[in-house]
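Asks: As input, take protein.json (JSON, C-alpha atoms and all ligand atoms):
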[["chain", "number", "residue", "atom", "x", "y", "z"],
["A", 1, "MET", "CA", -22.14, 32.78, 0.78],
["A", 2, "VAL", "CA", -18.78, 31.31, 1.70],
["A", 3, "ARG", "CA", -15.64, 31.74, -0.38],
["A", 4, "ILE", "CA", -13.05, 29.08, -1.20],
["A", 5, "ASP", "CA", -10.33, 30.79, 0.85],
["A", 6, "GLN", "CA", -12.68, 30.95, 3.87],
["A", 7, "LEU", "CA", -13.41, 27.24, 3.57],
["A", 8, "LEU", "CA", -9.71, 26.44, 3.39],
["A", 9, "ALA", "CA", -9.29, 28.20, 6.74],
["A", 10, "GLN", "CA", -11.09, 25.15, 8.22],
["A", 11, "ALA", "CA", -7.64, 23.53, 8.18],
["A", 12, "ALA", "CA", -7.07, 25.15, 11.57],
["A", 13, "GLN", "CA", -9.75, 22.82, 13.00],
["A", 14, "ILE", "CA", -7.93, 19.66, 11.95],
["A", 15, "ASP", "CA", -5.30, 18.11, 14.21],
["A", 16, "SER", "CA", -3.03, 16.55, 11.61],
["A", 17, "PRO", "CA", 0.54, 17.30, 10.50],
["A", 18, "THR", "CA", -0.90, 17.62, 6.99],
["A", 19, "ALA", "CA", -4.00, 19.67, 7.93],
["A", 20, "GLN", "CA", -3.61, 22.19, 5.10],
["A", 21, "LEU", "CA", -3.10, 19.53, 2.43],
["A", 22, "ASP", "CA", -5.93, 17.39, 3.86],
["A", 23, "THR", "CA", -8.32, 20.37, 3.69],
["A", 24, "GLU", "CA", -7.35, 21.20, 0.12],
["A", 25, "LEU", "CA", -7.81, 17.59, -0.97],
["A", 26, "LEU", "CA", -11.26, 17.41, 0.64],
["A", 27, "LEU", "CA", -12.48, 20.69, -0.88],
["A", 28, "ALA", "CA", -11.11, 19.89, -4.33],
["A", 29, "PHE", "CA", -12.82, 16.48, -4.09],
["A", 30, "VAL", "CA", -16.20, 17.99, -3.14],
["A", 31, "LEU", "CA", -15.94, 20.57, -5.95],
["A", 32, "ASP", "CA", -14.68, 17.91, -8.37],
["A", 33, "LYS", "CA", -11.78, 20.17, -9.40],
["A", 34, "PRO", "CA", -7.99, 19.86, -9.26],
["A", 35, "ARG", "CA", -6.28, 21.39, -6.20],
["A", 36, "SER", "CA", -4.82, 24.16, -8.39],
["A", 37, "TYR", "CA", -8.39, 25.46, -8.92],
["A", 38, "LEU", "CA", -8.53, 26.46, -5.23],
["A", 39, "TYR", "CA", -5.57, 28.79, -5.71],
["A", 40, "ALA", "CA", -6.76, 30.12, -9.06],
["A", 41, "TRP", "CA", -10.20, 31.06, -7.64],
["A", 42, "PRO", "CA", -9.85, 31.88, -3.91],
["A", 43, "ASP", "CA", -12.70, 34.46, -4.09],
["A", 44, "LYS", "CA", -15.20, 32.17, -5.74],
["A", 45, "THR", "CA", -18.25, 31.43, -3.62],
["A", 46, "VAL", "CA", -19.37, 27.87, -2.98],
["A", 47, "ASP", "CA", -23.03, 26.87, -2.89],
["A", 48, "GLU", "CA", -24.63, 25.54, 0.26],
["A", 49, "ALA", "CA", -24.82, 21.90, -0.76],
["A", 50, "HIS", "CA", -21.11, 21.80, -1.48],
["A", 51, "VAL", "CA", -20.31, 23.65, 1.73],
["A", 52, "ALA", "CA", -22.35, 21.11, 3.71],
["A", 53, "ALA", "CA", -20.65, 18.17, 1.99],
["A", 54, "PHE", "CA", -17.23, 19.68, 2.66],
["A", 55, "MET", "CA", -17.99, 20.42, 6.32],
["A", 56, "ALA", "CA", -19.17, 16.84, 6.85],
["A", 57, "LEU", "CA", -15.84, 15.54, 5.53],
["A", 58, "VAL", "CA", -13.87, 18.02, 7.66],
["A", 59, "GLU", "CA", -15.73, 16.73, 10.70],
["A", 60, "ARG", "CA", -14.91, 13.12, 9.87],
["A", 61, "ARG", "CA", -11.27, 14.09, 9.35],
["A", 62, "GLN", "CA", -11.32, 15.82, 12.76],
["A", 63, "ARG", "CA", -12.34, 12.48, 14.25],
["A", 64, "GLY", "CA", -9.25, 10.95, 12.67],
["A", 65, "GLU", "CA", -10.63, 9.16, 9.60],
["A", 66, "PRO", "CA", -7.85, 8.82, 7.00],
["A", 67, "VAL", "CA", -8.08, 11.19, 4.04],
["A", 68, "ALA", "CA", -7.69, 8.20, 1.68],
["A", 69, "TYR", "CA", -10.91, 6.63, 3.03],
["A", 70, "LEU", "CA", -12.78, 9.96, 2.82],
["A", 71, "LEU", "CA", -11.74, 10.41, -0.82],
["A", 72, "GLY", "CA", -11.93, 6.68, -1.61],
["A", 73, "ARG", "CA", -8.62, 7.11, -3.44],
["A", 74, "GLN", "CA", -4.89, 7.07, -2.81],
["A", 75, "GLY", "CA", -1.90, 7.70, -5.04],
["A", 76, "PHE", "CA", 0.73, 4.95, -5.12],
["A", 77, "TRP", "CA", 3.80, 4.89, -7.40],
["A", 78, "THR", "CA", 2.45, 6.49, -10.59],
["A", 79, "LEU", "CA", -1.07, 5.13, -10.08],
["A", 80, "ASP", "CA", -4.31, 6.56, -8.72],
["A", 81, "LEU", "CA", -5.96, 3.70, -6.79],
["A", 82, "GLU", "CA", -9.41, 3.16, -5.36],
["A", 83, "VAL", "CA", -9.22, 2.24, -1.67],
["A", 84, "ALA", "CA", -11.84, 0.89, 0.73],
["A", 85, "GLU", "CA", -12.10, 0.31, 4.44],
["A", 86, "HIS", "CA", -11.43, -3.41, 4.15],
["A", 87, "THR", "CA", -7.91, -2.82, 2.77],
["A", 88, "LEU", "CA", -4.74, -1.18, 4.03],
["A", 89, "ILE", "CA", -4.10, 2.27, 2.57],
["A", 90, "PRO", "CA", -1.06, 2.02, 0.28],
["A", 91, "ARG", "CA", 1.90, 3.92, 1.75],
["A", 92, "ALA", "CA", 4.88, 5.66, 0.21],
["A", 93, "ASP", "CA", 7.20, 3.40, 2.29],
["A", 94, "SER", "CA", 6.00, 0.38, 0.31],
["A", 95, "GLU", "CA", 7.21, 1.97, -2.93],
["A", 96, "LEU", "CA", 10.64, 0.73, -1.79],
["A", 97, "LEU", "CA", 9.43, -2.82, -2.53],
["A", 98, "VAL", "CA", 8.48, -1.77, -6.07],
["A", 99, "GLU", "CA", 11.73, 0.10, -6.64],
["A", 100, "THR", "CA", 13.81, -2.84, -5.36],
["A", 101, "ALA", "CA", 11.93, -5.42, -7.43],
["A", 102, "LEU", "CA", 12.46, -3.31, -10.55],
["A", 103, "GLN", "CA", 16.18, -2.91, -9.80],
["A", 104, "LEU", "CA", 16.73, -6.61, -9.09],
["A", 105, "ALA", "CA", 15.24, -7.97, -12.17],
["A", 106, "ASP", "CA", 15.23, -7.14, -15.81],
["A", 107, "ASP", "CA", 12.70, -8.60, -18.21],
["A", 108, "SER", "CA", 14.90, -11.55, -19.12],
["A", 109, "SER", "CA", 15.49, -12.83, -15.56],
["A", 110, "VAL", "CA", 11.95, -12.39, -14.31],
["A", 111, "ARG", "CA", 8.77, -13.62, -15.91],
["A", 112, "LYS", "CA", 6.39, -14.49, -13.12],
["A", 113, "VAL", "CA", 5.83, -12.32, -10.06],
["A", 114, "LEU", "CA", 3.59, -12.89, -7.03],
["A", 115, "ASP", "CA", 2.26, -10.26, -4.58],
["A", 116, "LEU", "CA", 0.99, -11.83, -1.34],
["A", 117, "GLY", "CA", -1.74, -9.93, 0.53],
["A", 118, "THR", "CA", -2.26, -7.52, -2.34],
["A", 119, "GLY", "CA", -5.09, -5.46, -0.75],
["A", 120, "THR", "CA", -5.87, -2.67, -3.23],
["A", 121, "GLY", "CA", -3.48, -4.38, -5.69],
["A", 122, "ALA", "CA", -0.98, -1.54, -5.27],
["A", 123, "LEU", "CA", 2.29, -3.51, -5.50],
["A", 124, "ALA", "CA", 1.11, -5.89, -8.23],
["A", 125, "LEU", "CA", -0.34, -3.06, -10.34],
["A", 126, "ALA", "CA", 2.74, -0.85, -9.96],
["A", 127, "LEU", "CA", 5.00, -3.70, -11.14],
["A", 128, "ALA", "CA", 2.68, -4.69, -13.98],
["A", 129, "SER", "CA", 2.55, -1.07, -15.16],
["A", 130, "GLU", "CA", 6.35, -0.81, -15.25],
["A", 131, "ARG", "CA", 7.09, -4.23, -16.78],
["A", 132, "PRO", "CA", 4.63, -5.10, -19.55],
["A", 133, "LEU", "CA", 6.45, -8.40, -20.19],
["A", 134, "TRP", "CA", 6.05, -9.67, -16.62],
["A", 135, "SER", "CA", 3.10, -11.78, -15.63],
["A", 136, "VAL", "CA", 2.02, -10.59, -12.20],
["A", 137, "THR", "CA", -0.35, -12.37, -9.79],
["A", 138, "GLY", "CA", -1.77, -10.70, -6.69],
["A", 139, "VAL", "CA", -3.55, -12.73, -4.00],
["A", 140, "ASP", "CA", -5.56, -11.81, -0.93],
["A", 141, "ARG", "CA", -7.46, -13.84, 1.63],
["A", 142, "ILE", "CA", -10.25, -11.25, 1.75],
["A", 143, "GLU", "CA", -12.59, -11.63, -1.22],
["A", 144, "SER", "CA", -13.66, -7.98, -1.21],
["A", 145, "ALA", "CA", -9.99, -6.99, -1.48],
["A", 146, "VAL", "CA", -9.61, -9.23, -4.54],
["A", 147, "ALA", "CA", -12.65, -7.52, -6.09],
["A", 148, "LEU", "CA", -11.23, -4.07, -5.33],
["A", 149, "ALA", "CA", -7.84, -4.97, -6.84],
["A", 150, "GLN", "CA", -9.64, -6.26, -9.95],
["A", 151, "SER", "CA", -11.59, -3.03, -10.19],
["A", 152, "ASN", "CA", -8.34, -1.03, -9.97],
["A", 153, "GLN", "CA", -6.88, -3.26, -12.68],
["A", 154, "ARG", "CA", -9.85, -2.60, -14.98],
["A", 155, "HIS", "CA", -9.57, 1.15, -14.54],
["A", 156, "LEU", "CA", -5.83, 1.06, -15.21],
["A", 157, "GLN", "CA", -6.38, -1.25, -18.18],
["A", 158, "LEU", "CA", -3.47, -3.52, -17.28],
["A", 159, "THR", "CA", -3.66, -6.94, -18.91],
["A", 160, "ASN", "CA", -0.51, -8.57, -17.50],
["A", 161, "VAL", "CA", -1.83, -8.93, -13.96],
["A", 162, "GLN", "CA", -4.43, -11.22, -12.36],
["A", 163, "PHE", "CA", -5.91, -11.29, -8.86],
["A", 164, "LEU", "CA", -6.92, -14.45, -7.00],
["A", 165, "HIS", "CA", -8.51, -15.36, -3.71],
["A", 166, "SER", "CA", -5.84, -17.19, -1.67],
["A", 167, "HIS", "CA", -4.61, -17.23, 1.92],
["A", 168, "TRP", "CA", -0.91, -16.75, 1.25],
["A", 169, "PHE", "CA", -0.05, -19.73, -0.98],
["A", 170, "SER", "CA", -3.21, -21.82, -0.37],
["A", 171, "ALA", "CA", -4.60, -21.53, -3.93],
["A", 172, "LEU", "CA", -1.22, -21.59, -5.69],
["A", 173, "SER", "CA", -0.24, -25.23, -5.47],
["A", 174, "GLY", "CA", 2.23, -26.25, -8.18],
["A", 175, "GLN", "CA", 3.01, -22.65, -9.20],
["A", 176, "ARG", "CA", 6.54, -21.23, -9.24],
["A", 177, "TYR", "CA", 7.47, -17.53, -9.37],
["A", 178, "ASP", "CA", 10.72, -15.74, -10.17],
["A", 179, "LEU", "CA", 10.00, -13.07, -7.60],
["A", 180, "ILE", "CA", 7.61, -12.98, -4.63],
["A", 181, "LEU", "CA", 6.95, -9.82, -2.66],
["A", 182, "SER", "CA", 4.67, -8.93, 0.21],
["A", 183, "ASN", "CA", 3.67, -6.17, 2.57],
["A", 184, "PRO", "CA", 2.11, -8.51, 5.16],
["A", 185, "PRO", "CA", 0.69, -7.54, 8.54],
["A", 186, "TYR", "CA", 3.66, -7.06, 10.88],
["A", 187, "ILE", "CA", 2.55, -5.05, 13.91],
["A", 188, "ALA", "CA", 2.66, -6.71, 17.36],
["A", 189, "ALA", "CA", -0.80, -7.26, 18.85],
["A", 190, "ASN", "CA", -0.18, -4.96, 21.84],
["A", 191, "ASP", "CA", 1.67, -2.18, 19.96],
["A", 192, "PRO", "CA", 0.42, 1.23, 21.25],
["A", 193, "HIS", "CA", 0.90, 2.63, 17.72],
["A", 194, "LEU", "CA", -2.38, 0.84, 16.83],
["A", 195, "GLN", "CA", -4.24, 3.53, 18.84],
["A", 196, "GLN", "CA", -2.79, 6.40, 16.77],
["A", 197, "GLY", "CA", -3.42, 8.00, 13.39],
["A", 198, "ASP", "CA", -4.71, 6.25, 10.29],
["A", 199, "VAL", "CA", -4.16, 2.67, 11.55],
["A", 200, "ARG", "CA", -7.08, 3.07, 14.01],
["A", 201, "PHE", "CA", -9.40, 2.96, 10.99],
["A", 202, "GLU", "CA", -7.64, 0.25, 8.98],
["A", 203, "PRO", "CA", -8.48, -3.47, 9.16],
["A", 204, "LEU", "CA", -6.54, -5.26, 11.90],
["A", 205, "SER", "CA", -6.18, -8.25, 9.56],
["A", 206, "ALA", "CA", -3.86, -6.09, 7.41],
["A", 207, "LEU", "CA", -1.86, -4.80, 10.37],
["A", 208, "VAL", "CA", -1.49, -7.23, 13.27],
["A", 209, "SER", "CA", 0.39, -10.53, 13.26],
["A", 210, "GLY", "CA", 0.77, -12.26, 16.62],
["A", 211, "VAL", "CA", 2.59, -11.18, 19.74],
["A", 212, "ASP", "CA", 5.82, -10.14, 18.02],
["A", 213, "GLY", "CA", 4.26, -9.11, 14.70],
["A", 214, "LEU", "CA", 6.20, -11.80, 12.86],
["A", 215, "ASP", "CA", 3.70, -14.68, 12.60],
["A", 216, "ASP", "CA", 2.79, -14.06, 8.95],
["A", 217, "ILE", "CA", 6.36, -13.23, 7.92],
["A", 218, "ARG", "CA", 7.51, -16.55, 9.45],
["A", 219, "GLU", "CA", 4.80, -18.43, 7.55],
["A", 220, "ILE", "CA", 5.64, -16.75, 4.25],
["A", 221, "ILE", "CA", 9.39, -17.35, 4.62],
["A", 222, "VAL", "CA", 8.93, -21.04, 5.44],
["A", 223, "GLN", "CA", 6.56, -21.66, 2.52],
["A", 224, "ALA", "CA", 8.09, -19.41, -0.14],
["A", 225, "PRO", "CA", 10.92, -21.74, -1.26],
["A", 226, "SER", "CA", 8.31, -24.24, -2.55],
["A", 227, "TYR", "CA", 6.84, -21.52, -4.79],
["A", 228, "LEU", "CA", 10.05, -19.89, -6.06],
["A", 229, "THR", "CA", 12.16, -20.83, -9.07],
["A", 230, "ALA", "CA", 15.89, -21.46, -8.59],
["A", 231, "ALA", "CA", 17.59, -18.13, -7.79],
["A", 232, "GLY", "CA", 14.14, -16.59, -7.23],
["A", 233, "TRP", "CA", 13.83, -13.58, -4.92],
["A", 234, "LEU", "CA", 11.64, -13.01, -1.84],
["A", 235, "LEU", "CA", 11.11, -9.37, -0.76],
["A", 236, "LEU", "CA", 9.31, -8.51, 2.47],
["A", 237, "GLU", "CA", 8.25, -5.26, 4.09],
["A", 238, "HIS", "CA", 8.47, -5.29, 7.90],
["A", 239, "GLY", "CA", 8.50, -3.09, 10.99],
["A", 240, "PHE", "CA", 11.34, -0.60, 11.65],
["A", 241, "ASP", "CA", 12.82, -2.87, 14.35],
["A", 242, "GLN", "CA", 12.32, -6.28, 12.67],
["A", 243, "ALA", "CA", 15.05, -6.28, 10.02],
["A", 244, "HIS", "CA", 17.53, -8.35, 12.02],
["A", 245, "ALA", "CA", 14.90, -10.98, 12.89],
["A", 246, "VAL", "CA", 13.67, -11.16, 9.28],
["A", 247, "ARG", "CA", 17.21, -11.56, 7.91],
["A", 248, "GLN", "CA", 17.77, -14.43, 10.35],
["A", 249, "LEU", "CA", 14.51, -16.10, 9.30],
["A", 250, "LEU", "CA", 15.49, -15.75, 5.63],
["A", 251, "GLY", "CA", 18.94, -17.23, 6.26],
["A", 252, "GLY", "CA", 17.43, -20.07, 8.29],
["A", 253, "ALA", "CA", 15.11, -21.00, 5.40],
["A", 254, "GLY", "CA", 18.04, -21.29, 2.96],
["A", 255, "PHE", "CA", 17.91, -17.82, 1.34],
["A", 256, "ILE", "CA", 21.24, -16.30, 0.27],
["A", 257, "ASP", "CA", 22.37, -12.74, -0.58],
["A", 258, "VAL", "CA", 20.14, -11.58, 2.29],
["A", 259, "TYR", "CA", 20.07, -7.83, 3.03],
["A", 260, "SER", "CA", 17.79, -5.00, 4.14],
["A", 261, "ARG", "CA", 17.03, -1.57, 2.70],
["A", 262, "ARG", "CA", 16.02, 1.67, 4.37],
["A", 263, "ASP", "CA", 12.79, 3.60, 3.78],
["A", 264, "LEU", "CA", 12.37, 7.36, 3.32],
["A", 265, "SER", "CA", 12.70, 7.90, 7.09],
["A", 266, "GLY", "CA", 15.95, 5.92, 7.30],
["A", 267, "HIS", "CA", 14.42, 2.79, 8.90],
["A", 268, "GLU", "CA", 15.36, -0.67, 7.65],
["A", 269, "ARG", "CA", 11.94, -1.34, 6.11],
["A", 270, "ILE", "CA", 12.38, -4.24, 3.71],
["A", 271, "SER", "CA", 14.53, -7.37, 3.69],
["A", 272, "LEU", "CA", 15.19, -9.71, 0.82],
["A", 273, "GLY", "CA", 17.05, -12.78, -0.25],
["A", 274, "ARG", "CA", 17.16, -15.28, -3.08],
["A", 275, "LEU", "CA", 17.27, -19.03, -3.38],
["A", 276, "PRO", "CA", 20.54, -20.56, -4.61],
["A", 277, "SER", "CA", 20.83, -21.22, -8.36],
["A", 278, "LEU", "CA", 20.79, -24.77, -9.60],
["A", 279, "SER", "CA", 24.35, -25.69, -10.53],
["A", 301, "LIG", "N1", 3.48, 0.47, 7.79],
["A", 301, "LIG", "C1", 2.19, 0.38, 8.41],
["A", 301, "LIG", "C2", 2.21, 1.19, 9.68],
["A", 301, "LIG", "O1", 3.00, 0.95, 10.57],
["A", 301, "LIG", "C3", 1.82, -1.04, 8.73],
["A", 301, "LIG", "C4", 1.62, -1.83, 7.49],
["A", 301, "LIG", "C5", 1.61, -3.30, 7.75],
["A", 301, "LIG", "O2", 1.40, -3.82, 8.83],
["A", 301, "LIG", "N2", 1.87, -4.00, 6.70],
["A", 301, "LIG", "O3", 1.44, 2.10, 9.81]]
Re-express the file's structure as structure tokens.
Ligand code: GLN
Replies:
Amino acid sequence: MVRIDQLLAQAAQIDSPTAQLDTELLLAFVLDKPRSYLYAWPDKTVDEAHVAAFMALVERRQRGEPVAYLLGRQGFWTLDLEVAEHTLIPRADSELLVETALQLADDSSVRKVLDLGTGTGALALALASERPLWSVTGVDRIESAVALAQSNQRHLQLTNVQFLHSHWFSALSGQRYDLILSNPPYIAANDPHLQQGDVRFEPLSALVSGVDGLDDIREIIVQAPSYLTAAGWLLLEHGFDQAHAVRQLLGGAGFIDVYSRRDLSGHERISLGRLPSLS
């Protein structure tokens, strides 16, 4: 019989900066217990079926599969979200988009919000959960992502958000939003970073955007003014070295008050601007 503390020693087999945490998350998941249980009961023995299930997950993690895909879940903002292999795994860096949108806009200045390329629904659901008076729409061009976002919405029981199938603005003709945000694909096609870590297992459609990584951002910036209200905001996540280019694109499309904000690692990670007011 194998004890919990012996199983946790499997962390040594995993080549990841978060090996200990990864191992705890996998064992707690297999045992269907909170992580604290592992520390409360280190001497407890685990039956063979659970040991086998745990070891199979450890092996997949050793091959590099992201913990979020192994668990089928990922925390984002205050939410616990279901994830799947056809969507990007929500990242802490993207919480900056949520935080900024909440700071920019109180309930009276914003009514309608759009999240482009919503994936799991993370950004749309986080905003809807914080602002019950907002009406939030999330769109994705991948139908299975729309279904996943809708499933997350059902579990979170949020009624002020809807998810639609749309390639950027294609299904939104005639609509206007007070705030549009997006974490689009923004990695350059030949970026060596695509061969490392979690991104190796994520869908390229959520990651890669042309030779300089800016194809989708350019398309969104050009089209967004037709879907924004006067003084409406556009917020975009981008690569650590793209802030200058994105600010120039925003300025060129008529956005004002353009600036960038830094993520938790100090990189300029999002840029934003608003349309002029009608006067
Ligand atoms: N931030 C992710 C990464 O570099 C990429 C996400 C994206 O392309 N939108 O790992």
Asks: Show me which residues sit within 9 Å of ligand LIG 301 (chain A) when counting all atoms listed in the file, and put them as a PyMOL selection string.
Replies: chain A and resi 88-91+93-94+182-187+193-194+197-199+204-209+213+237-240+269
Asks: Between CA of Gln13 (chain A) and CA of Thr87 (chain A), what is the distance, to one decimal in Å?
Replies: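 Taking CA of Gln13 (chain A) and CA of Thr87 (chain A), their separation equals 27.7 Å.
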Asks: May I have a table of the residues of region 44-141 of chain A lying at most 7 Å from region 22-37 of chain A, giving each one's closest pair of atoms and their distance in Å to one decimal, counting all atoms listed in the file, ordered by chain and ascending residue number, as a tab-separated table?
Replies:
residue	atom	partner	partner_atom	distance
A:His50	CA	A:Val30	CA	6.4
A:Ala53	CA	A:Val30	CA	6.8
A:Phe54	CA	A:Leu27	CA	6.0
A:Leu57	CA	A:Leu26	CA	7.0
A:Val67	CA	A:Asp22	CA	6.6
A:Leu71	CA	A:Phe29	CA	7.0
Asks: Near Leu179 (chain A), within 12 Å and counting all atoms listed in the file, which residues show up once chain neighbours fewer than 2 positions away are dropped, as a PyMOL selection string?
Replies: chain A and resi 97-98+100-102+104-107+109-116+124+127+134-137+175-177+181-182+224-225+227-236+272-275
Asks: Taking (-0.5, 1.7, -17.6) in the file's coordinates as the center, which residues reach within 12 Å of it, counting only C-alpha atoms, put as number ranges by chain?
Replies: A: 77-80, 125-132, 152-161
Asks: If the box runs along x, y and z of the file and leaves 8 Å on each side of region 232-242 of chain A, what are its centre and edge lengths in Å, one decimal, as AutoDock Vina command-line options?
Replies:
--center_x 11.2 --center_y -8.6 --center_z 3.6 --size_x 21.9 --size_y 32.0 --size_z 37.6
Asks: Tell me, as a VMD selection string, which residues lie within 10 Å of Asp15 (chain A), counting all atoms listed in the file; anything in the same chain fewer than 2 positions away does not count.
Replies: chain A and resid 11 to 13 17 to 19 61 to 64
Asks: Using only C-alpha atoms, which of A:Glu95, A:Glu48, A:Asp43, A:Glu65 sits nearest Leu264 (chain A)?
Replies: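 The shortest atom-to-atom distance to Leu264 (chain A) comes from A:Glu95.
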Asks: Provide the CA of Ala149 (chain A) to CA of Leu21 (chain A) distance in Å, to one decimal place.
Replies: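 Separation between CA of Ala149 (chain A) and CA of Leu21 (chain A): 26.6 Å.
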Asks: Rounded to one decimal in Å, what is the spacing between CA of Gln242 (chain A) and CA of Asp216 (chain A)?
Replies: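 Rounded to one decimal, the two atoms are 12.9 Å apart.
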Asks: Can you work out which one of A:Asp191, A:Gln6, A:His86, A:Gly251 has the shortest atom-to-atom distance to Asp140 (chain A), counting all atoms listed in the file?
Replies: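 Between A:Asp191, A:Gln6, A:His86, A:Gly251, the residue approaching Asp140 (chain A) most closely is A:His86.
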Asks: I'd like the neighbourhood of Arg141 (chain A) as a list in words, where a residue qualifies if any of its atoms comes within 10 Å (using all atoms listed in the file), though same-chain residues fewer than 2 positions away should be ignored.
Replies: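 Neighbouring residues, sequence-local ones excluded: Leu116, Gly117, Thr118, Gly119, Val139, Glu143, Ser144, Ala145, Val146, Leu164, His165, Ser166, His167, Trp168, Phe169, Ser170, Ala171 and Ser205 of chain A.
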Asks: Mind checking which residues fall within 9 Å of Ala68 (chain A), counting all atoms listed in the file, ignoring those fewer than 6 positions away in the same chain, and posting them as a tab-separated table (two decimals) with C-alpha atoms, keeping the file's coordinate frame?
Replies:
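What landed in selection.tsv:
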chain	number	residue	atom	x	y	z
A	74	GLN	CA	-4.89	7.07	-2.81
A	75	GLY	CA	-1.90	7.70	-5.04
A	82	GLU	CA	-9.41	3.16	-5.36
A	83	VAL	CA	-9.22	2.24	-1.67
A	84	ALA	CA	-11.84	0.89	0.73
A	89	ILE	CA	-4.10	2.27	2.57
Asks: Using only C-alpha atoms, which residues sit within 12 Å of Leu249 (chain A) once same-chain residues fewer than 2 positions away are excluded, as a ChimeraX atom specification?
Replies: /A:214-224,234,236,242-247,251-256,258-259,271-273
Asks: Measuring atom to atom with all atoms listed in the file, identify which of A:Ser173, A:Thr120, A:Thr45, A:Gln103 is nearest to Gln150 (chain A).
Replies: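 When distances to Gln150 (chain A) are compared using all atoms listed in the file, the smallest one comes from A:Thr120.
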